[in-house]
>>> print(open('entry_36.cif').read())   # mmCIF, C-alpha atoms
data_protein
#
loop_
_atom_site.label_atom_id
_atom_site.label_comp_id
_atom_site.auth_asym_id
_atom_site.auth_seq_id
_atom_site.Cartn_x
_atom_site.Cartn_y
_atom_site.Cartn_z
CA MET A 28 22.92 92.78 150.42
CA ALA A 29 20.61 90.88 148.03
CA ASP A 30 21.09 87.61 149.97
CA LEU A 31 20.33 89.33 153.24
CA LYS A 32 17.25 90.96 151.73
CA GLU A 33 15.96 87.56 150.60
CA ARG A 34 16.54 86.09 154.05
CA LEU A 35 14.85 89.00 155.77
CA LEU A 36 11.80 89.02 153.50
CA PRO A 37 8.73 87.60 155.27
CA PRO A 38 7.51 84.24 153.92
CA LYS A 39 4.71 84.18 151.43
CA PRO A 40 1.29 83.81 153.10
CA ALA A 41 -0.22 80.36 152.89
CA SER A 42 -3.57 81.85 151.92
CA ALA A 43 -2.13 83.07 148.63
CA THR A 44 -1.12 79.52 147.67
CA ASN A 45 -4.30 77.90 148.96
CA LEU A 46 -6.38 80.07 146.68
CA ARG A 47 -4.71 78.44 143.69
CA ASP A 48 -5.35 74.92 145.01
CA SER A 49 -7.77 72.72 143.09
CA SER A 50 -9.81 72.14 146.24
CA TYR A 51 -10.98 75.77 146.08
CA ARG A 52 -14.03 75.64 143.82
CA PRO A 53 -16.03 78.65 142.66
CA SER A 54 -19.25 79.31 144.47
CA ALA A 55 -22.66 79.68 142.91
CA SER A 56 -21.93 83.28 142.04
CA GLY A 57 -18.84 82.24 140.08
CA ARG A 58 -16.33 83.73 142.54
CA LEU A 59 -13.76 81.90 144.61
CA PRO A 60 -14.40 81.91 148.36
CA PHE A 61 -12.36 84.62 150.15
CA GLN A 62 -10.99 85.80 146.81
CA GLY A 63 -8.49 88.62 147.29
CA VAL A 64 -8.55 88.27 151.09
CA ASP A 65 -5.42 87.25 152.98
CA VAL A 66 -7.05 85.16 155.71
CA LEU A 67 -3.78 84.37 157.45
CA GLY A 68 -2.77 88.00 157.31
CA LEU A 69 -6.07 89.00 158.89
CA LYS A 70 -5.51 86.48 161.65
CA LYS A 71 -2.05 87.81 162.33
CA ARG A 72 -3.27 91.37 162.37
CA GLY A 73 -6.02 90.39 164.73
CA GLN A 74 -3.50 88.79 167.06
CA GLY A 75 -1.20 91.83 166.80
CA LEU A 76 1.72 89.86 165.40
CA ARG A 77 4.57 91.88 163.96
CA SER A 78 7.71 90.84 162.12
CA TRP A 79 11.00 91.59 163.89
CA ILE A 80 14.63 91.05 162.94
CA ARG A 81 16.52 89.51 165.86
CA VAL A 82 20.31 89.85 166.00
CA ASP A 83 21.97 87.64 168.60
CA ALA A 84 24.72 89.22 170.70
CA ALA A 85 26.83 86.09 171.04
CA THR A 86 26.93 84.85 167.46
CA GLY A 87 25.81 87.87 165.45
CA ASP A 88 23.28 85.77 163.53
CA SER A 89 20.00 87.32 162.42
CA GLN A 90 16.60 85.71 162.10
CA ILE A 91 12.99 86.70 161.51
CA ILE A 92 10.59 86.28 164.42
CA GLU A 93 6.91 87.13 164.62
CA VAL A 94 5.69 88.05 168.07
CA ASP A 95 2.91 90.22 169.42
CA LYS A 96 3.21 93.36 171.48
CA PHE A 97 2.58 91.73 174.85
CA THR A 98 5.30 89.15 174.27
CA ILE A 99 7.77 91.94 173.53
CA MET A 100 6.63 93.79 176.67
CA ARG A 101 7.25 90.72 178.84
CA ARG A 102 10.45 89.80 177.06
CA CYS A 103 12.08 93.22 177.39
CA ASP A 104 10.24 94.47 180.48
CA LEU A 105 8.90 97.54 178.67
CA PRO A 106 5.66 99.50 179.13
CA ALA A 107 3.23 99.87 176.25
CA ARG A 108 3.98 103.59 175.77
CA ASP A 109 7.60 102.77 174.90
CA LEU A 110 6.51 100.34 172.18
CA ARG A 111 4.31 103.03 170.63
CA LEU A 112 7.47 104.96 169.85
CA LEU A 113 8.45 102.13 167.49
CA ASP A 114 5.10 101.88 165.74
CA PRO A 115 5.62 102.69 162.03
CA LEU A 116 2.01 103.85 161.72
CA PHE A 117 2.76 106.86 163.93
CA VAL A 118 5.35 109.58 163.48
CA TYR A 119 7.30 110.24 166.66
CA PRO A 120 10.42 112.38 167.03
CA SER A 121 13.80 110.75 167.54
CA THR A 122 14.07 109.23 171.02
CA ILE A 123 16.60 107.19 173.02
CA LEU A 124 15.21 105.73 176.25
CA GLY A 125 17.15 103.75 178.84
CA ARG A 126 15.08 101.23 180.79
CA GLU A 127 15.84 98.53 183.34
CA LYS A 128 16.49 95.73 180.84
CA ALA A 129 16.43 97.43 177.45
CA ILE A 130 17.24 100.53 175.44
CA VAL A 131 14.47 101.83 173.16
CA VAL A 132 15.91 103.54 170.07
CA ASN A 133 13.88 105.52 167.55
CA LEU A 134 16.31 107.27 165.21
CA GLU A 135 14.94 108.02 161.75
CA GLN A 136 14.52 104.63 159.99
CA ILE A 137 16.20 102.68 162.81
CA ARG A 138 13.56 101.56 165.32
CA CYS A 139 14.83 98.85 167.61
CA ILE A 140 14.98 97.48 171.14
CA ILE A 141 18.47 96.74 172.47
CA THR A 142 18.98 94.33 175.35
CA ALA A 143 22.10 92.76 176.81
CA ASP A 144 21.60 89.61 174.71
CA GLU A 145 19.94 90.70 171.46
CA VAL A 146 18.64 93.46 169.23
CA LEU A 147 15.02 93.42 168.09
CA LEU A 148 14.63 95.52 164.96
CA LEU A 149 11.36 96.21 163.18
CA ASN A 150 11.45 94.30 159.91
CA SER A 151 11.64 96.68 156.98
CA LEU A 152 12.92 96.70 153.41
CA ASP A 153 14.53 100.09 153.86
CA SER A 154 18.17 100.10 152.76
CA TYR A 155 19.34 101.78 155.97
CA VAL A 156 17.71 99.04 158.07
CA LEU A 157 19.47 96.33 156.06
CA GLN A 158 22.75 98.24 156.29
CA TYR A 159 22.27 98.45 160.06
CA VAL A 160 21.90 94.67 160.33
CA VAL A 161 24.89 94.01 158.08
CA GLU A 162 27.13 96.51 159.89
CA LEU A 163 26.14 95.22 163.33
CA GLN A 164 26.86 91.63 162.30
CA ARG A 165 30.22 92.64 160.87
CA ARG A 166 31.27 94.44 164.05
CA LEU A 167 30.09 91.61 166.28
CA LYS A 168 32.03 89.02 164.31
CA ALA A 169 35.10 91.26 164.09
CA ALA A 170 35.13 91.76 167.88
CA GLY A 171 34.31 88.15 168.66
CA GLY A 172 37.40 87.39 170.75
CA GLY A 173 39.97 89.20 172.75
CA VAL A 174 37.59 91.23 174.84
CA LEU A 175 38.69 89.62 178.13
CA TRP A 176 42.15 89.40 179.66
CA ARG A 177 43.41 87.93 182.93
CA SER A 178 45.20 90.21 185.38
CA GLU A 179 48.06 89.23 187.68
CA GLY A 180 45.67 88.44 190.51
CA GLY A 181 43.83 85.97 188.29
CA GLU A 182 40.72 88.11 187.80
CA LEU A 183 39.06 88.45 184.41
CA LYS A 184 38.88 92.06 183.25
CA THR A 185 37.74 93.70 180.07
CA SER A 186 40.20 95.31 177.71
CA PRO A 187 40.29 99.12 177.68
CA ASP A 188 38.85 99.39 174.15
CA TYR A 189 36.00 96.94 174.82
CA LEU A 190 32.40 98.14 174.43
CA PRO A 191 29.42 96.17 175.73
CA PHE A 192 27.00 94.78 173.20
CA GLU A 193 24.32 97.37 173.88
CA PHE A 194 26.77 100.20 173.19
CA ARG A 195 27.89 98.62 169.93
CA ALA A 196 24.30 98.32 168.78
CA LEU A 197 23.60 101.89 169.91
CA GLU A 198 26.73 103.11 168.12
CA VAL A 199 25.65 101.51 164.84
CA ALA A 200 22.17 103.07 165.21
CA LEU A 201 23.65 106.51 165.90
CA GLU A 202 26.05 106.12 163.00
CA ALA A 203 23.24 105.12 160.63
CA ALA A 204 21.03 108.02 161.73
CA CYS A 205 23.83 110.60 161.60
CA THR A 206 24.99 109.33 158.20
CA PHE A 207 21.45 109.46 156.82
CA LEU A 208 20.86 113.00 158.06
CA ASP A 209 24.29 114.20 156.94
CA THR A 210 23.71 112.72 153.47
CA GLN A 211 20.39 114.50 153.18
CA ALA A 212 21.98 117.76 154.35
CA ALA A 213 24.78 117.42 151.78
CA GLU A 214 22.30 116.69 148.97
CA LEU A 215 20.19 119.67 149.97
CA GLU A 216 23.29 121.85 150.09
CA ILE A 217 24.39 120.77 146.61
CA GLU A 218 20.94 121.51 145.22
CA ALA A 219 20.45 124.82 147.03
CA TYR A 220 23.50 126.92 146.17
CA PRO A 221 23.16 126.83 142.35
CA LEU A 222 19.43 127.50 142.63
CA LEU A 223 19.98 130.50 144.89
CA ASP A 224 22.68 131.90 142.59
CA GLU A 225 20.31 131.53 139.65
CA LEU A 226 17.59 133.32 141.58
CA THR A 227 19.82 136.31 142.30
CA SER A 228 20.63 136.67 138.60
CA LYS A 229 17.08 136.08 137.34
CA ILE A 230 14.06 136.66 139.53
CA SER A 231 11.16 134.64 138.15
CA THR A 232 8.08 132.90 139.47
CA LEU A 233 9.52 129.46 138.72
CA ASN A 234 12.73 130.13 140.63
CA LEU A 235 10.83 131.59 143.56
CA GLU A 236 8.61 128.51 143.73
CA ARG A 237 11.65 126.20 143.68
CA VAL A 238 13.27 128.17 146.48
CA ARG A 239 10.06 128.00 148.50
CA ARG A 240 9.99 124.20 148.24
CA LEU A 241 13.68 124.05 149.07
CA LYS A 242 13.13 126.13 152.18
CA SER A 243 10.28 123.88 153.31
CA ARG A 244 12.53 120.82 153.01
CA LEU A 245 15.27 122.65 154.85
CA VAL A 246 13.00 123.54 157.76
CA ALA A 247 11.75 119.94 158.08
CA LEU A 248 15.28 118.48 157.93
CA THR A 249 16.58 121.05 160.43
CA ARG A 250 13.83 120.10 162.86
CA ARG A 251 14.76 116.40 162.62
CA VAL A 252 18.48 117.06 163.04
CA GLN A 253 17.81 119.39 165.95
CA LYS A 254 15.71 116.72 167.67
CA VAL A 255 18.48 114.10 167.37
CA ARG A 256 21.02 116.62 168.67
CA ASP A 257 18.81 117.58 171.62
CA GLU A 258 18.23 113.92 172.47
CA ILE A 259 21.97 113.16 172.56
CA GLU A 260 22.66 116.33 174.54
CA GLN A 261 19.94 115.45 177.04
CA LEU A 262 21.49 112.01 177.56
CA MET A 263 24.94 113.53 178.06
CA ASP A 264 23.60 115.96 180.66
CA ASP A 265 21.87 113.24 182.72
CA ASP A 266 24.30 110.79 184.36
CA GLY A 267 21.43 108.69 185.70
CA ASP A 268 20.03 107.99 182.23
CA MET A 269 23.48 107.01 180.97
CA ALA A 270 24.00 104.71 183.95
CA GLU A 271 20.67 103.00 183.17
CA MET A 272 22.03 101.97 179.77
CA TYR A 273 24.74 99.68 181.17
CA LEU A 274 22.61 96.58 180.58
CA THR A 275 25.46 94.06 180.51
CA GLU A 276 26.83 95.31 183.83
CA LYS A 277 23.39 95.21 185.45
CA LYS A 278 22.81 91.69 184.14
CA ARG A 279 26.19 90.56 185.48
CA ARG A 280 25.37 92.00 188.91
CA MET A 281 21.97 90.34 188.89
CA ASP A 282 23.46 86.96 187.95
CA SER A 283 26.15 87.24 190.63
CA SER A 284 23.51 88.19 193.22
CA PHE A 285 21.35 85.21 192.26
CA ASP A 286 24.33 82.85 192.32
CA GLY A 287 25.31 84.07 195.78
CA ALA A 288 21.75 83.73 197.02
CA GLU A 289 21.42 80.20 195.67
CA GLN A 290 24.76 79.22 197.20
CA SER A 291 23.74 80.61 200.57
CA VAL A 292 20.45 78.71 200.41
CA MET A 293 22.25 75.50 199.54
CA THR A 294 24.70 76.03 202.43
CA GLY A 295 21.86 76.70 204.86
CA HIS A 296 20.01 73.63 203.62
CA ARG A 297 23.03 71.40 204.20
CA SER A 298 23.64 72.81 207.68
CA ASN A 299 20.00 72.27 208.57
CA ASP A 300 20.20 68.69 207.34
CA GLY A 301 23.26 68.10 209.49
CA GLN A 302 21.62 69.58 212.56
CA GLN A 303 18.45 67.61 212.04
CA SER A 304 20.42 64.37 211.76
CA ILE A 305 22.01 64.97 215.14
CA SER A 306 19.10 66.49 217.04
CA ALA A 307 15.65 65.13 217.60
CA PRO A 308 13.18 64.83 214.73
CA VAL A 309 11.52 68.11 213.75
CA SER A 310 8.01 68.51 212.50
CA PRO A 311 7.84 69.26 208.79
CA VAL A 312 5.56 72.22 209.50
CA SER A 313 8.23 74.05 211.51
CA SER A 314 10.84 74.20 208.70
CA PRO A 315 9.88 75.73 205.31
CA PRO A 316 10.50 73.62 202.22
CA TYR A 317 13.60 74.15 200.06
CA SER A 318 11.78 75.81 197.15
CA ARG A 319 10.18 78.37 199.46
CA ARG A 320 13.54 79.24 201.03
CA LEU A 321 15.09 79.57 197.59
CA GLU A 322 12.32 81.89 196.45
CA LYS A 323 12.71 83.99 199.59
CA ALA A 324 16.47 84.23 199.05
CA PHE A 325 15.91 85.29 195.43
CA SER A 326 13.54 88.04 196.53
CA ILE A 327 16.11 89.24 199.07
CA ALA A 328 18.84 89.18 196.41
CA ARG A 329 16.61 91.07 193.97
CA SER A 330 15.82 93.77 196.50
CA ARG A 331 19.53 93.96 197.38
CA HIS A 332 20.37 94.31 193.67
CA ASP A 333 17.78 97.07 193.25
CA GLY A 334 19.33 98.94 196.17
CA MET A 335 22.82 98.48 194.73
CA SER A 336 21.73 99.65 191.26
CA SER A 337 19.93 102.72 192.62
CA SER A 338 22.82 103.71 194.86
CA GLY A 339 25.54 102.78 192.42
CA SER A 340 23.98 104.44 189.36
CA ALA A 341 25.29 107.82 190.46
CA THR A 342 28.83 106.55 190.98
CA GLU A 343 28.97 104.16 188.03
CA SER A 344 31.58 104.91 185.43
CA ILE A 345 29.82 106.37 182.40
CA GLU A 346 32.93 107.54 180.61
CA GLU A 347 32.60 105.01 177.76
CA LEU A 348 29.04 105.98 176.90
CA GLU A 349 29.76 109.66 177.35
CA MET A 350 32.68 109.52 174.90
CA LEU A 351 30.51 107.59 172.44
CA LEU A 352 27.72 110.15 172.64
CA GLU A 353 30.18 113.05 172.38
CA ALA A 354 31.59 111.66 169.13
CA TYR A 355 28.20 111.49 167.45
CA PHE A 356 27.13 114.77 169.04
CA VAL A 357 29.98 116.42 167.12
CA VAL A 358 28.82 114.72 163.90
CA ILE A 359 25.18 115.74 164.25
CA ASP A 360 26.21 119.23 165.36
CA SER A 361 28.26 119.56 162.17
CA SER A 362 25.20 118.60 160.11
CA LEU A 363 23.15 121.16 162.01
CA ASN A 364 25.78 123.82 161.32
CA LYS A 365 25.57 123.02 157.60
CA LEU A 366 21.82 123.46 157.63
CA THR A 367 22.11 126.65 159.68
CA SER A 368 24.63 128.10 157.23
CA LEU A 369 22.36 127.15 154.34
CA LYS A 370 19.39 128.82 156.04
CA GLU A 371 21.45 131.97 156.58
CA TYR A 372 22.46 131.93 152.92
CA ILE A 373 18.79 131.63 151.93
CA ASP A 374 17.91 134.52 154.25
CA ASP A 375 20.71 136.63 152.75
CA THR A 376 19.46 135.80 149.26
CA GLU A 377 15.93 136.80 150.24
CA ASP A 378 17.22 140.08 151.66
CA PHE A 379 19.18 140.72 148.46
CA ILE A 380 16.11 140.00 146.34
CA ASN A 381 13.97 142.27 148.53
CA ILE A 382 16.57 145.03 148.12
CA GLN A 383 16.50 144.56 144.35
CA LEU A 384 12.71 144.65 144.29
CA ASP A 385 12.67 147.74 146.49
CA ASN A 386 15.14 149.42 144.14
CA VAL A 387 12.98 148.63 141.11
CA ARG A 388 9.91 149.82 143.00
CA ASN A 389 11.63 153.09 143.85
CA GLN A 390 12.64 153.61 140.22
CA LEU A 391 9.04 153.06 139.16
CA ILE A 392 7.85 155.57 141.74
CA GLN A 393 10.40 158.15 140.51
CA PHE A 394 9.37 157.58 136.90
CA GLU A 395 5.72 157.93 137.87
CA LEU A 396 6.55 161.20 139.64
CA LEU A 397 8.26 162.57 136.53
CA LEU A 398 5.31 161.57 134.38
CA THR A 399 2.90 163.26 136.77
CA THR A 400 4.96 166.46 136.68
CA ALA A 401 5.16 166.40 132.88
CA THR A 402 1.39 165.79 132.69
CA PHE A 403 0.85 168.85 134.90
CA VAL A 404 3.02 171.00 132.63
CA VAL A 405 1.24 169.78 129.49
CA ALA A 406 -2.08 170.50 131.18
CA ILE A 407 -1.11 174.19 131.22
CA PHE A 408 -1.33 174.23 127.39
CA GLY A 409 -4.79 172.76 127.67
CA VAL A 410 -5.84 175.48 130.08
CA VAL A 411 -4.56 178.22 127.73
CA ALA A 412 -6.25 176.62 124.75
CA GLY A 413 -9.50 176.38 126.71
CA ILE A 414 -9.35 180.05 127.67
CA PHE A 415 -8.70 181.28 124.13
CA GLY A 416 -11.33 178.96 122.79
CA MET A 417 -14.10 180.95 124.51
CA ASN A 418 -16.59 182.71 122.28
CA PHE A 419 -15.52 186.32 122.88
CA MET A 420 -13.76 188.99 120.83
CA ILE A 421 -10.54 190.77 121.90
CA PRO A 422 -8.02 192.86 119.85
CA LEU A 423 -5.34 190.16 120.41
CA PHE A 424 -7.12 187.92 117.93
CA ASP A 425 -6.49 190.47 115.14
CA SER A 426 -2.64 190.44 115.65
CA PRO A 427 -0.82 188.06 113.23
CA LYS A 428 1.89 187.21 115.84
CA ALA A 429 -0.47 186.61 118.74
CA PHE A 430 -0.51 182.82 118.35
CA THR A 431 3.30 182.67 118.36
CA TRP A 432 3.60 184.84 121.47
CA VAL A 433 0.99 182.83 123.36
CA LEU A 434 2.76 179.58 122.42
CA VAL A 435 6.20 180.87 123.48
CA ILE A 436 5.01 182.35 126.75
CA THR A 437 3.10 179.17 127.65
CA GLY A 438 6.11 176.95 126.80
CA VAL A 439 8.53 179.10 128.84
CA ALA A 440 6.11 179.11 131.80
CA GLY A 441 5.75 175.30 131.58
CA ALA A 442 9.54 174.82 131.43
CA ILE A 443 10.02 177.11 134.44
CA ILE A 444 7.37 175.16 136.40
CA PHE A 445 8.89 171.78 135.41
CA SER A 446 12.38 172.96 136.40
CA SER A 447 11.00 174.19 139.72
CA PHE A 448 9.53 170.77 140.42
CA LEU A 449 12.81 169.05 139.58
CA TRP A 450 14.72 171.40 141.86
CA PHE A 451 12.23 170.70 144.64
CA PHE A 452 12.57 166.94 144.18
CA ARG A 453 16.35 167.20 144.32
CA TYR A 454 16.21 169.47 147.34
CA LYS A 455 13.98 166.97 149.18
CA ARG A 456 16.10 164.03 147.87
CA LEU A 457 13.11 162.34 146.40
CA MET A 458 15.09 161.23 143.33
CA PRO A 459 18.79 161.29 142.34
CA LEU A 460 19.06 164.04 139.73
#
>>> encode(input="entry_36.cif", output="structure tokens")
Amino acid sequence: MADLKERLLPPKPASATNLRDSSYRPSASGRLPFQGVDVLGLKKRGQGLRSWIRVDAATGDSQIIEVDKFTIMRRCDLPARDLRLLDPLFVYPSTILGREKAIVVNLEQIRCIITADEVLLLNSLDSYVLQYVVELQRRLKAAGGGVLWRSEGGELKTSPDYLPFEFRALEVALEAACTFLDTQAAELEIEAYPLLDELTSKISTLNLERVRRLKSRLVALTRRVQKVRDEIEQLMDDDGDMAEMYLTEKKRRMDSSFDGAEQSVMTGHRSNDGQQSISAPVSPVSSPPYSRRLEKAFSIARSRHDGMSSSGSATESIEELEMLLEAYFVVIDSSLNKLTSLKEYIDDTEDFINIQLDNVRNQLIQFELLLTTATFVVAIFGVVAGIFGMNFMIPLFDSPKAFTWVLVITGVAGAIIFSSFLWFFRYKRLMPL
């Protein structure tokens, strides 16, 4: 991995070395000219150059190339809006697009263009990108031979377990994306369950804040997994999009059409030469030149190939790609089920905490009700004391047992009132007594 990382690292800019050269003298202000400015980098950014990792389909070798956007558009026959999906400066959801000559893949860290002959991958130091390159090279070299076999009739046919190059590259991209998302889901699951169990045993502000952050990460990861799942499901539901991804088959048909057209042109040219040698001389204006006839035949073959591809896309066998997508659909669906189960567990924990808080709140309300009732009973003593504290004379004040009788009667009346309130609360089921 370290050797591959060194090979894939972009070369050091020449401007950085030139600044150290003795020919660069300080100016009158004492500063070096263009100090701290990567002139070559500015030129590349102005030209729109971008570093790509190219993996060859035939040999499996990788190399660094620097091309601009328009070169990629002409090379892969892609519109500009498809290349924006691969721009690392923008955040786009996961997408798999099948085009005439390429497959545009944007799955998490893997952003690449797959053709029948090569894979163009945005150069990055991310570990998953390097693992993608290493795994693709390993599979290409492992399946280097034995993909063709000769039948009894002498025709070359592919073996049953053979996958075209574009499907191998797509499989490695799907595997990398599904593995990355499943790893994140497993890590989130390992972190979540102990935290939720701790929250149920001890409700605190710190634990609630940790659960809130955990839920935010869960929602973001679920959205990403759901997008990858929807993209695979959409491809599986559309046979036309899957048929568009057979790039090797379409290239083989195009080559066979061009070979047949060139052979027919050569045959017609020879027959015309033979006829002209026997018949009278013909004016050169009446017969088109060979290059024009070849170009016309190529245009006819191209239009014939377009008609064959449009009519045969519906009947083309898409079983290989469908089985490949189904396998990774099961994997990503399993990751989504993990996240869904975790979200349900978080919701159940929140419901349990809300029930606990409601129970505590109800207990506080009951205690407050008892205190209010007791305060009302005690207030009766204050009323009696206020009445007897008036400045008037009655014979009761002269009795030595008057104070005791007033105290006993007031206490019994307060107890009767308090007991009446408790009976009323129990009758109305306001508190369990």
>>> closest_residue(input="entry_36.cif", among="A:Tyr220, A:Phe207, A:Tyr273, A:Trp79", to="Arg195 (chain A)", atoms="all atoms listed in the file")
A:Tyr273
>>> residues_around(input="entry_36.cif", residues="Leu110 (chain A)", least_positions_apart="3", cutoff="12 Å", atoms="only C-alpha atoms", output="NGL selection string")
:A and (77 or 95-101 or 103-107 or 113-117 or 119 or 122 or 124 or 129-133 or 138-140 or 147-149)
>>> axis_aligned_box(input="entry_36.cif", around="region 147-150 of chain A", padding_each_side="4 Å", output="lines of an AutoDock Vina configuration file")
center_x = 13.2
center_y = 94.8
center_z = 164.0
size_x = 11.7
size_y = 10.8
size_z = 16.2
>>> atom_distance(input="entry_36.cif", atom1="CA of Ala440 (chain A)", atom2="CA of Gly409 (chain A)")
13.3 Å
>>> closest_residue(input="entry_36.cif", among="A:Leu423, A:Ile373, A:Met458, A:Val404", to="Ile443 (chain A)", atoms="all atoms listed in the file")
A:Val404
>>> atom_distance(input="entry_36.cif", atom1="CA of Gly441 (chain A)", atom2="CA of Val405 (chain A)")
7.4 Å
>>> residues_around(input="entry_36.cif", residues="region 347-353 of chain A", least_positions_apart="4", cutoff="12 Å", atoms="only C-alpha atoms", output="ChimeraX atom specification")
/A:123,187-202,205,255-274,343,357-360
>>> resolve_selection(input="entry_36.cif", expression="the PyMOL selection byres ((chain A and resi 89) around 9)", output="ChimeraX atom specification")
/A:35,80-83,86-88,90-91,160,164
>>> resolve_selection(input="entry_36.cif", expression="the PyMOL selection byres ((chain A and resi 155) around 12)", output="ChimeraX atom specification")
/A:28,32,134-138,148,150-154,156-163,199-208
>>> residues_near_point(input="entry_36.cif", point="(0.8, 179.7, 125.2)", cutoff="10 Å", atoms="all atoms listed in the file", output="MDAnalysis selection string")
chainID A and resid 407:412 415 429:441
>>> build_atoms(input="entry_36.cif", residues="region 350-363 of chain A", atoms="N, CA and C atoms", output="CSV table (one decimal), keeping the file's coordinate frame")
chain,number,residue,atom,x,y,z
A,350,MET,N,31.8,109.3,176.0
A,350,MET,CA,32.7,109.5,174.9
A,350,MET,C,32.0,109.1,173.6
A,351,LEU,N,31.2,108.0,173.6
A,351,LEU,CA,30.5,107.6,172.4
A,351,LEU,C,29.5,108.6,172.0
A,352,LEU,N,28.7,109.1,173.0
A,352,LEU,CA,27.7,110.2,172.6
A,352,LEU,C,28.4,111.5,172.2
A,353,GLU,N,29.5,111.8,172.8
A,353,GLU,CA,30.2,113.0,172.4
A,353,GLU,C,30.6,113.0,170.9
A,354,ALA,N,31.1,111.8,170.5
A,354,ALA,CA,31.6,111.7,169.1
A,354,ALA,C,30.5,111.9,168.1
A,355,TYR,N,29.3,111.3,168.4
A,355,TYR,CA,28.2,111.5,167.4
A,355,TYR,C,27.5,112.8,167.7
A,356,PHE,N,27.6,113.4,168.8
A,356,PHE,CA,27.1,114.8,169.0
A,356,PHE,C,27.9,115.8,168.1
A,357,VAL,N,29.2,115.6,168.0
A,357,VAL,CA,30.0,116.4,167.1
A,357,VAL,C,29.5,116.2,165.7
A,358,VAL,N,29.2,115.0,165.3
A,358,VAL,CA,28.8,114.7,163.9
A,358,VAL,C,27.5,115.4,163.6
A,359,ILE,N,26.5,115.2,164.5
A,359,ILE,CA,25.2,115.7,164.2
A,359,ILE,C,25.2,117.3,164.4
A,360,ASP,N,26.1,117.8,165.2
A,360,ASP,CA,26.2,119.2,165.4
A,360,ASP,C,26.8,119.8,164.1
A,361,SER,N,27.7,119.1,163.5
A,361,SER,CA,28.3,119.6,162.2
A,361,SER,C,27.2,119.6,161.1
A,362,SER,N,26.3,118.6,161.1
A,362,SER,CA,25.2,118.6,160.1
A,362,SER,C,24.3,119.8,160.4
A,363,LEU,N,24.0,120.0,161.7
A,363,LEU,CA,23.2,121.2,162.0
A,363,LEU,C,23.8,122.5,161.6
